[in-house]
Amino acid sequence: MIVFPNAKINIGLNITEKRADGYHNLETVFYPVKINDALEAITAPQLNFSSSGINIPGDGANNLCIKAYELVKLDHNLPALDIHLHKHIPIGAGLGGGSADAAFFIKLLNQQFGLNLSVEAMQNYARQLGADCAFFIENKPVYAFEKGDQFEQVELDLSKYVIVLVMPPVHVSTADAYSGVKPEQAAESLKDLIKLPVTEWKDRIKNDFEKSVTGKYPLIGEVKQSLYEAGALYASMSGSGASVFGVFETLPSLKHLEAESSVFYNV
Ligand SMILES: C[C@@](CO)(OP(=O)(O)O)[C@H](O)COP(=O)(O)OP(=O)(O)OC[C@H]1O[C@@H](n2ccc(N)nc2=O)[C@H](O)[C@@H]1O
Ligand SMILES: Nc1ncnc2c1ncn2[C@@H]1O[C@H](COP(=O)(O)OP(=O)(O)O)[C@@H](O)[C@H]1O
C-alpha cells in the first residue's frame, strides 16, 4: 500500500504559556498544503526502512515512520514490513513533514491490516509521536491549542487563492525556536481573526516565532517581504520556520527567489 503524506502551514501561531512538562501551550490554525512525500509498506520477512529523495538526518531506526510502527505494534499484531519513504517535503521547515509521515503511516497500518482504529485512537497514537502529528489524522483545517494537539473545527477554505511556499536555504531547530520566545497571551483572538477576509489578516494574524527567528536568520524576513512586494494578500513564516508562505489572488512571478530558495507554487 502507498500513501502520500502532505505538509501543513500554520496560519497564526501564538505561544501563550510555558507548561510544567517543558512544552508550550499555543494556538494556531493548521492548514494542509499540497507538498507530498510518498510512503509505501509491503509485508516482508523482516522490518526494513529505506528512503530516497531529500536526505533525512538521523538513523533510519529512529525515523518517525518506524516509531509509529513500533507504537501501534505494542497493541496490535503487525507483520514485518519493508517500508520505503520518498522524501519531498523540506525537513525542519515548519511544515510538519516528519509528523505527517508518522500520522499517515498510522492510517496506512489501520487500513492495510484492518485494525478498525477510530479517529480518536489514531490521534492518540499520533500525540505520542509529536505535538503536530495528530492534526494529520483528519488532515483538515483546524484551530489547534494546548501543545497543538487539541482541536476545534474551523471553516477555512483558501482554494480560490494561490498559496506559494518558499523554503530558503536555512535550517531552524524547533526547540531552539521555542527557547527564543517569551510566551504571552495574544492581543487579538486568532479564532476571531481567522474568520476575517484574507485581505484583513496582514499585521494582525501573527507568528510569535518570527521576531526571534528572523532576527537570527534575516533571509526569512526578506523572503516574506518579497512575497508582499510580489502581491501577496498575506505572508508569514510557517511554524518554527524556515519556510515562508504567501496567499495570492493570482499566480505571482518569483523567479528572483528561485536562485537560492525552493519555491513551491499552488500548494
Ligand atoms: C512548532 C510547531 C508548530 O506547529 O511545528 P513545526 O514548526 O515544528 O512544524 C510544532 O509545535 C512542533 O511540533 P513537533 O515538531 O511535533 O514538536 P515535537 O517534536 O513534539 O517537539 C520538539 C520540541 O519543540 C518544543 N515544543 C514543541 C511543541 C510545543 N507545543 N511546545 C514545545 O516547547 C519542545 O522543546 C520539544 O522538545
Ligand atoms: N519521516 C521523517 N521525515 C522528516 N524528518 C523526520 C522523519 N522522521 C524523523 N525525522 C526527524 O524529524 C526532524 C524534522 O521533522 P519535520 O517534521 O520535518 O520538521 P518540521 O515540523 O519543523 O517541518 C528532523 O530532525 C528529522 O531527523
# chains A, B, ... in the order shown; residues from 1 in each chain; ligands from 1
$ residues_around --residues "segment 95-97 of chain A" --least-positions-apart "4" --cutoff "12 Å" --atoms "only C-alpha atoms" --output "PyMOL selection string"
chain A and resi 4-11+30-39+54+56+63-65+85-91+101-104+129-136+139+148+165-167+172+174+237-245+267
$ residues_around --residues "Val164 of chain A" --least-positions-apart "3" --cutoff "10 Å" --atoms "only C-alpha atoms" --output "JSON, numbers by chain"
{"A": [33, 161, 227, 232, 235, 244, 245, 246, 247, 248, 251, 252, 254, 263, 264, 265, 266, 267]}
$ select_by_dssp --residues "segment 138-233 of chain A" --states "strand (DSSP E or B)" --output "list of chain:residue names"
A:Val142, A:Tyr143, A:Ala144, A:Phe145, A:Gln150, A:Phe151, A:Glu152, A:Gln153, A:Val162, A:Ile163, A:Val164, A:Leu165, A:Val166, A:Met167, A:Asn207
$ write_last_selection --atoms "C-alpha atoms" --output "PDB file, in the first residue's frame"
ATOM      1  CA  VAL A 142      -8.435  23.192  12.359  1.00  0.00           C
ATOM      2  CA  TYR A 143      -7.896  25.630  15.211  1.00  0.00           C
ATOM      3  CA  ALA A 144      -5.339  23.869  17.438  1.00  0.00           C
ATOM      4  CA  PHE A 145      -4.480  24.619  21.045  1.00  0.00           C
ATOM      5  CA  GLN A 150      -6.224  19.538  20.686  1.00  0.00           C
ATOM      6  CA  PHE A 151      -8.580  20.786  18.004  1.00  0.00           C
ATOM      7  CA  GLU A 152     -11.695  22.840  17.328  1.00  0.00           C
ATOM      8  CA  GLN A 153     -13.354  22.936  13.932  1.00  0.00           C
ATOM      9  CA  VAL A 162      -2.885  30.695  -4.887  1.00  0.00           C
ATOM     10  CA  ILE A 163      -0.658  29.629  -1.994  1.00  0.00           C
ATOM     11  CA  VAL A 164       3.073  29.792  -2.679  1.00  0.00           C
ATOM     12  CA  LEU A 165       5.620  28.337  -0.288  1.00  0.00           C
ATOM     13  CA  VAL A 166       9.266  29.407  -0.238  1.00  0.00           C
ATOM     14  CA  MET A 167      11.943  27.325   1.504  1.00  0.00           C
ATOM     15  CA  ASN A 207       3.531  34.021  14.184  1.00  0.00           C
TER      16      ASN A 207
END
